[in-house]
>>> print(open('start28.cif').read())   # mmCIF, C-alpha atoms
data_target
loop_
_atom_site.label_atom_id
_atom_site.label_comp_id
_atom_site.auth_asym_id
_atom_site.auth_seq_id
_atom_site.Cartn_x
_atom_site.Cartn_y
_atom_site.Cartn_z
CA MET A 1 45.70 38.48 0.96
CA THR A 2 44.29 36.67 3.98
CA ALA A 3 40.67 35.69 4.29
CA PRO A 4 38.54 37.78 6.67
CA THR A 5 38.54 36.42 10.19
CA ALA A 6 35.28 35.08 11.50
CA VAL A 7 33.79 37.01 14.40
CA LEU A 8 32.77 35.09 17.52
CA ARG A 9 29.49 36.05 19.14
CA GLU A 10 26.89 34.58 21.44
CA MET A 11 24.70 31.98 19.73
CA ARG A 12 21.04 32.93 19.58
CA TRP A 13 17.90 31.04 18.58
CA TRP A 14 18.03 32.35 14.99
CA ASP A 15 21.43 30.68 14.58
CA ILE A 16 20.04 27.19 15.16
CA GLU A 17 19.07 26.57 11.52
CA PRO A 18 22.45 27.50 9.98
CA VAL A 19 24.26 25.70 12.81
CA LEU A 20 22.20 22.57 12.08
CA GLU A 21 23.22 22.74 8.41
CA LEU A 22 26.87 22.79 9.43
CA GLU A 23 26.26 20.12 12.09
CA HIS A 24 24.74 17.75 9.51
CA GLU A 25 27.57 18.43 7.06
CA LEU A 26 30.27 17.69 9.63
CA PHE A 27 28.57 14.96 11.69
CA PRO A 28 26.11 13.25 9.31
CA ASP A 29 25.74 10.08 11.39
CA ASP A 30 25.33 11.58 14.85
CA ALA A 31 24.28 15.20 14.36
CA TRP A 32 22.49 17.06 17.12
CA SER A 33 18.82 17.84 16.64
CA ALA A 34 17.23 21.29 16.72
CA GLY A 35 15.68 20.35 20.05
CA MET A 36 19.09 19.67 21.57
CA PHE A 37 20.31 23.14 20.60
CA TRP A 38 17.07 24.77 21.81
CA SER A 39 17.45 23.01 25.15
CA GLU A 40 21.05 24.14 25.55
CA LEU A 41 20.28 27.75 24.60
CA ALA A 42 17.46 27.81 27.17
CA HIS A 43 20.19 27.62 29.84
CA ALA A 44 22.58 30.12 28.24
CA ARG A 45 21.18 33.47 29.39
CA GLY A 46 20.26 35.22 32.59
CA PRO A 47 21.62 35.15 36.12
CA GLN A 48 21.19 31.38 36.45
CA ALA A 49 22.92 30.56 33.12
CA THR A 50 24.94 27.35 33.08
CA ARG A 51 25.78 27.28 29.36
CA ARG A 52 27.93 29.24 26.92
CA TYR A 53 27.26 28.84 23.20
CA VAL A 54 29.03 30.85 20.52
CA VAL A 55 29.02 30.97 16.76
CA ALA A 56 31.75 32.09 14.38
CA GLU A 57 30.30 34.31 11.68
CA GLU A 58 31.95 35.66 8.53
CA PRO A 59 31.45 39.44 8.74
CA ALA A 60 31.00 40.02 5.00
CA THR A 61 28.47 37.25 4.34
CA GLY A 62 26.93 36.43 7.72
CA ARG A 63 27.74 32.76 7.07
CA ILE A 64 28.13 30.64 10.23
CA VAL A 65 31.48 28.85 9.91
CA GLY A 66 31.78 27.41 13.40
CA TYR A 67 30.13 26.97 16.76
CA ALA A 68 30.91 25.72 20.23
CA GLY A 69 29.17 25.10 23.53
CA LEU A 70 30.05 24.54 27.16
CA ALA A 71 27.91 23.34 30.06
CA ALA A 72 28.84 24.06 33.67
CA ALA A 73 27.68 22.20 36.77
CA GLY A 74 29.26 23.11 40.06
CA ASP A 75 32.99 23.32 39.52
CA LEU A 76 32.94 21.08 36.42
CA GLY A 77 32.72 22.29 32.82
CA ASP A 78 31.92 20.06 29.87
CA VAL A 79 32.62 20.96 26.25
CA GLN A 80 29.33 19.88 24.69
CA THR A 81 30.22 20.61 21.07
CA ILE A 82 32.79 22.39 18.97
CA ALA A 83 32.99 22.50 15.19
CA ALA A 84 34.50 24.49 12.35
CA ALA A 85 33.48 24.34 8.68
CA LYS A 86 35.91 22.30 6.59
CA ASP A 87 37.07 25.39 4.71
CA GLN A 88 38.09 26.85 8.09
CA TRP A 89 40.30 23.92 9.14
CA GLY A 90 43.85 25.07 9.75
CA THR A 91 42.89 28.73 10.24
CA GLY A 92 42.96 28.68 14.05
CA LEU A 93 39.17 28.94 14.34
CA GLY A 94 38.96 25.80 16.48
CA ALA A 95 41.54 27.26 18.87
CA ARG A 96 39.59 30.54 19.06
CA LEU A 97 36.35 28.70 19.81
CA LEU A 98 38.00 26.59 22.49
CA THR A 99 39.65 29.67 24.01
CA ASP A 100 36.21 31.28 24.29
CA LEU A 101 34.79 28.20 26.03
CA LEU A 102 37.68 28.08 28.49
CA GLY A 103 37.07 31.74 29.28
CA ALA A 104 33.46 30.84 30.01
CA ALA A 105 34.60 27.91 32.18
CA THR A 106 36.68 30.36 34.18
CA ALA A 107 33.72 32.74 34.52
CA PHE A 108 31.59 29.81 35.72
CA GLU A 109 34.38 29.05 38.24
CA CYS A 110 35.05 25.57 36.86
CA ALA A 111 38.06 23.83 38.37
CA GLU A 112 38.26 21.39 35.47
CA VAL A 113 36.80 20.86 32.02
CA LEU A 114 35.93 17.53 30.41
CA LEU A 115 35.16 16.62 26.83
CA GLU A 116 34.56 13.61 24.64
CA VAL A 117 36.13 13.30 21.20
CA ARG A 118 35.84 10.54 18.65
CA VAL A 119 38.81 8.18 18.84
CA ASP A 120 39.22 8.55 15.07
CA ASN A 121 39.33 12.39 15.19
CA THR A 122 43.06 12.86 15.75
CA ARG A 123 42.96 16.42 14.38
CA ALA A 124 40.66 17.51 17.20
CA GLN A 125 42.63 15.50 19.76
CA ARG A 126 45.80 17.41 18.82
CA LEU A 127 43.96 20.71 19.32
CA TYR A 128 42.81 19.69 22.78
CA GLU A 129 46.29 18.44 23.72
CA ARG A 130 47.76 21.84 22.75
CA PHE A 131 45.46 23.38 25.36
CA GLY A 132 46.59 20.92 28.01
CA PHE A 133 43.74 18.40 27.90
CA GLU A 134 44.86 14.90 28.87
CA PRO A 135 43.19 11.57 28.08
CA ILE A 136 41.56 9.97 31.11
CA GLY A 137 39.45 7.16 29.66
CA PHE A 138 37.10 5.89 26.98
CA ARG A 139 33.37 5.63 26.49
CA ARG A 140 32.75 2.55 24.42
CA GLY A 141 30.20 2.96 21.61
CA TYR A 142 29.51 6.57 22.66
CA TYR A 143 28.85 7.88 19.16
CA GLN A 144 25.81 6.22 17.62
CA PRO A 145 24.68 4.84 15.26
CA GLY A 146 28.28 4.17 14.16
CA ASN A 147 29.23 2.64 17.53
CA VAL A 148 32.44 4.73 17.64
CA ASP A 149 34.28 5.05 20.93
CA ALA A 150 34.90 8.42 22.59
CA LEU A 151 38.18 9.42 24.16
CA VAL A 152 37.45 11.33 27.39
CA MET A 153 39.86 14.19 28.04
CA ARG A 154 40.27 16.48 31.04
CA LEU A 155 41.81 19.89 31.58
CA THR A 156 42.56 21.01 35.12
CA ASP A 157 42.65 24.71 35.93
CA PRO A 158 41.15 26.21 32.76
CA ALA A 159 41.83 29.73 34.10
CA GLN A 160 45.57 29.14 33.79
CA THR A 161 45.38 27.44 30.41
CA ARG A 162 43.29 30.05 28.65
CA ASN A 163 45.95 32.67 29.36
CA GLU A 164 48.54 30.73 27.39
CA ASN A 165 48.93 31.34 23.66
CA PRO A 166 47.30 28.36 21.92
CA GLU A 167 47.59 30.08 18.56
CA SER A 168 51.37 29.68 18.49
CA SER A 169 50.74 26.44 16.60
CA GLU A 170 47.96 26.90 14.09
CA SER A 171 47.95 23.43 12.57
CA ASN A 172 44.38 22.70 13.65
CA GLY A 173 41.19 24.53 13.20
#
>>> encode(input="start28.cif", output="structure tokens")
Amino acid sequence: MTAPTAVLREMRWWDIEPVLELEHELFPDDAWSAGMFWSELAHARGPQATRRYVVAEEPATGRIVGYAGLAAAGDLGDVQTIAAAKDQWGTGLGARLLTDLLGAATAFECAEVLLEVRVDNTRAQRLYERFGFEPIGFRRGYYQPGNVDALVMRLTDPAQTRNENPESSESNG
């Protein structure tokens, strides 16, 4: 029997607390603050929206098991955050979250999408590579306080990429 699939939906203000719990579990040294999420959500609704934030929720329990966010400025999208609970790794949830963000990038008419990923997070890097992201540089000491470098990756033409089938290889979540 397979576990129930998490449902993706728009992130709302009442999701900030459970998202923060997951954020602190997954990124204890450089977790986002509540204020950072509030600020992002303030730009996620209405005709002038420049953000897309989603959560992955287990239907039976209401537990938040993942979240992701994208910011758009002009024709450039930036994956701000993406995370899946450890018990969701390998289920394809990360691919589903990224697919949603790339759909939003297309709706925002982004010609390319950038992201930063920790150089030591090879699992996430493989996910991004499956979607066509390519490394373009580094940001030294980007993740603080651990002074960990970020690998900067870029995807050109997210509209084309999101129509491919990223779930054909479900090794990452």
>>> atom_distance(input="start28.cif", atom1="CA of Arg96 (chain A)", atom2="CA of Arg51 (chain A)")
17.5 Å
>>> residues_around(input="start28.cif", residues="region 100-105 of chain A", least_positions_apart="2", cutoff="7 Å", atoms="all atoms listed in the file", output="list in words")
Arg52, Gly69, Leu70, Gly77, Arg96, Leu97, Leu98, Ala107, Phe108, Glu109, Cys110, Pro158 and Arg162 of chain A
>>> write_last_selection(input="start28.cif", atoms="C-alpha atoms", output="PDB file, in the frame of the given file")
ATOM      1  CA  ARG A  52      27.930  29.240  26.920  1.00  0.00           C
ATOM      2  CA  GLY A  69      29.170  25.100  23.530  1.00  0.00           C
ATOM      3  CA  LEU A  70      30.050  24.540  27.160  1.00  0.00           C
ATOM      4  CA  GLY A  77      32.720  22.290  32.820  1.00  0.00           C
ATOM      5  CA  ARG A  96      39.590  30.540  19.060  1.00  0.00           C
ATOM      6  CA  LEU A  97      36.350  28.700  19.810  1.00  0.00           C
ATOM      7  CA  LEU A  98      38.000  26.590  22.490  1.00  0.00           C
ATOM      8  CA  ALA A 107      33.720  32.740  34.520  1.00  0.00           C
ATOM      9  CA  PHE A 108      31.590  29.810  35.720  1.00  0.00           C
ATOM     10  CA  GLU A 109      34.380  29.050  38.240  1.00  0.00           C
ATOM     11  CA  CYS A 110      35.050  25.570  36.860  1.00  0.00           C
ATOM     12  CA  PRO A 158      41.150  26.210  32.760  1.00  0.00           C
ATOM     13  CA  ARG A 162      43.290  30.050  28.650  1.00  0.00           C
TER      14      ARG A 162
END
>>> atom_distance(input="start28.cif", atom1="CA of Gly141 (chain A)", atom2="CA of Phe37 (chain A)")
22.5 Å
>>> resolve_selection(input="start28.cif", expression="the PyMOL selection byres ((chain A and resi 50) around 7)", output="PyMOL selection string")
chain A and resi 43-44+48-49+51+71-73
>>> atom_distance(input="start28.cif", atom1="CA of Asp78 (chain A)", atom2="CA of Val113 (chain A)")
5.4 Å
>>> closest_residue(input="start28.cif", among="A:Glu10, A:Glu40, A:Asp75, A:Glu17", to="Ala56 (chain A)", atoms="all atoms listed in the file")
A:Glu10
>>> resolve_selection(input="start28.cif", expression="the PyMOL selection byres ((chain A and resi 59-67) around 6)", output="list in words")
Val54, Val55, Ala56, Glu57, Glu58, Ala68, Ile82, Ala83, Ala84 and Ala85 of chain A
>>> closest_residue(input="start28.cif", among="A:Thr81, A:Glu134, A:Asp157, A:Val152", to="Phe27 (chain A)", atoms="only C-alpha atoms")
A:Thr81
>>> axis_aligned_box(input="start28.cif", around="region 99-105 of chain A", padding_each_side="4 Å", output="lines of an AutoDock Vina configuration file")
center_x = 36.6
center_y = 29.8
center_z = 28.1
size_x = 14.2
size_y = 11.8
size_z = 16.2
>>> resolve_selection(input="start28.cif", expression="the PyMOL selection byres ((chain A and resi 128) around 12)", output="PyMOL selection string")
chain A and resi 79+82+94-99+102+113-117+121-127+129-135+151-155+161-162+166+172-173
>>> residues_around(input="start28.cif", residues="Gln144 (chain A)", least_positions_apart="5", cutoff="10 Å", atoms="all atoms listed in the file", output="MDAnalysis selection string")
chainID A and resid 29:31 149
>>> decode(input="start28.cif", residues="region 23-52 of chain A", atoms="N, CA and C atoms", output="CSV table (one decimal), in the first residue's frame")
chain,number,residue,atom,x,y,z
A,23,GLU,N,11.1,24.1,8.6
A,23,GLU,CA,12.2,24.9,8.3
A,23,GLU,C,13.4,24.7,9.3
A,24,HIS,N,13.0,24.8,10.6
A,24,HIS,CA,14.0,24.7,11.6
A,24,HIS,C,14.6,23.3,11.7
A,25,GLU,N,13.7,22.3,11.4
A,25,GLU,CA,14.1,20.9,11.4
A,25,GLU,C,15.1,20.6,10.3
A,26,LEU,N,14.8,21.2,9.1
A,26,LEU,CA,15.7,20.9,8.0
A,26,LEU,C,16.9,21.8,7.8
A,27,PHE,N,16.8,23.0,8.3
A,27,PHE,CA,17.8,24.0,8.1
A,27,PHE,C,18.1,24.7,9.5
A,28,PRO,N,18.6,23.9,10.5
A,28,PRO,CA,18.7,24.5,11.8
A,28,PRO,C,19.7,25.7,11.9
A,29,ASP,N,20.7,25.7,11.1
A,29,ASP,CA,21.7,26.8,11.2
A,29,ASP,C,21.3,28.1,10.4
A,30,ASP,N,20.5,27.9,9.4
A,30,ASP,CA,20.2,29.1,8.6
A,30,ASP,C,18.7,29.2,8.2
A,31,ALA,N,17.9,28.8,9.2
A,31,ALA,CA,16.4,28.8,8.9
A,31,ALA,C,15.9,30.2,8.7
A,32,TRP,N,14.9,30.3,7.9
A,32,TRP,CA,14.2,31.6,7.7
A,32,TRP,C,13.4,32.0,8.9
A,33,SER,N,13.2,33.2,9.1
A,33,SER,CA,12.4,33.7,10.2
A,33,SER,C,10.9,33.8,9.8
A,34,ALA,N,10.0,34.0,10.8
A,34,ALA,CA,8.6,34.2,10.5
A,34,ALA,C,8.5,35.5,9.7
A,35,GLY,N,9.2,36.5,10.0
A,35,GLY,CA,9.1,37.7,9.3
A,35,GLY,C,9.5,37.6,7.8
A,36,MET,N,10.4,36.7,7.5
A,36,MET,CA,10.8,36.5,6.1
A,36,MET,C,9.6,35.9,5.3
A,37,PHE,N,9.0,34.9,5.9
A,37,PHE,CA,7.8,34.3,5.3
A,37,PHE,C,6.6,35.3,5.2
A,38,TRP,N,6.4,36.1,6.2
A,38,TRP,CA,5.3,37.1,6.2
A,38,TRP,C,5.6,38.1,5.0
A,39,SER,N,6.8,38.5,4.9
A,39,SER,CA,7.2,39.4,3.8
A,39,SER,C,7.0,38.8,2.4
A,40,GLU,N,7.3,37.6,2.3
A,40,GLU,CA,7.1,37.0,1.0
A,40,GLU,C,5.7,36.8,0.7
A,41,LEU,N,4.9,36.4,1.6
A,41,LEU,CA,3.4,36.1,1.4
A,41,LEU,C,2.7,37.5,1.1
A,42,ALA,N,3.3,38.6,1.6
A,42,ALA,CA,2.6,39.9,1.3
A,42,ALA,C,2.6,40.2,-0.1
A,43,HIS,N,3.5,39.5,-0.9
A,43,HIS,CA,3.6,39.8,-2.3
A,43,HIS,C,3.1,38.6,-3.2
A,44,ALA,N,2.3,37.7,-2.6
A,44,ALA,CA,1.9,36.5,-3.2
A,44,ALA,C,0.5,36.5,-3.7
A,45,ARG,N,-0.3,37.6,-3.5
A,45,ARG,CA,-1.7,37.6,-3.9
A,45,ARG,C,-2.0,38.9,-4.5
A,46,GLY,N,-3.1,38.9,-5.3
A,46,GLY,CA,-3.6,40.1,-6.0
A,46,GLY,C,-3.0,40.3,-7.4
A,47,PRO,N,-3.5,41.4,-8.0
A,47,PRO,CA,-3.1,41.6,-9.4
A,47,PRO,C,-1.6,42.0,-9.6
A,48,GLN,N,-1.0,42.5,-8.5
A,48,GLN,CA,0.4,42.9,-8.6
A,48,GLN,C,1.4,41.8,-8.0
A,49,ALA,N,0.9,40.6,-7.8
A,49,ALA,CA,1.7,39.5,-7.1
A,49,ALA,C,2.9,39.2,-7.9
A,50,THR,N,4.0,39.1,-7.1
A,50,THR,CA,5.3,38.7,-7.7
A,50,THR,C,5.9,37.5,-7.1
A,51,ARG,N,5.1,36.8,-6.3
A,51,ARG,CA,5.5,35.6,-5.5
A,51,ARG,C,4.6,34.5,-5.7
A,52,ARG,N,5.1,33.2,-5.6
A,52,ARG,CA,4.2,32.0,-5.6
A,52,ARG,C,4.8,31.2,-4.5
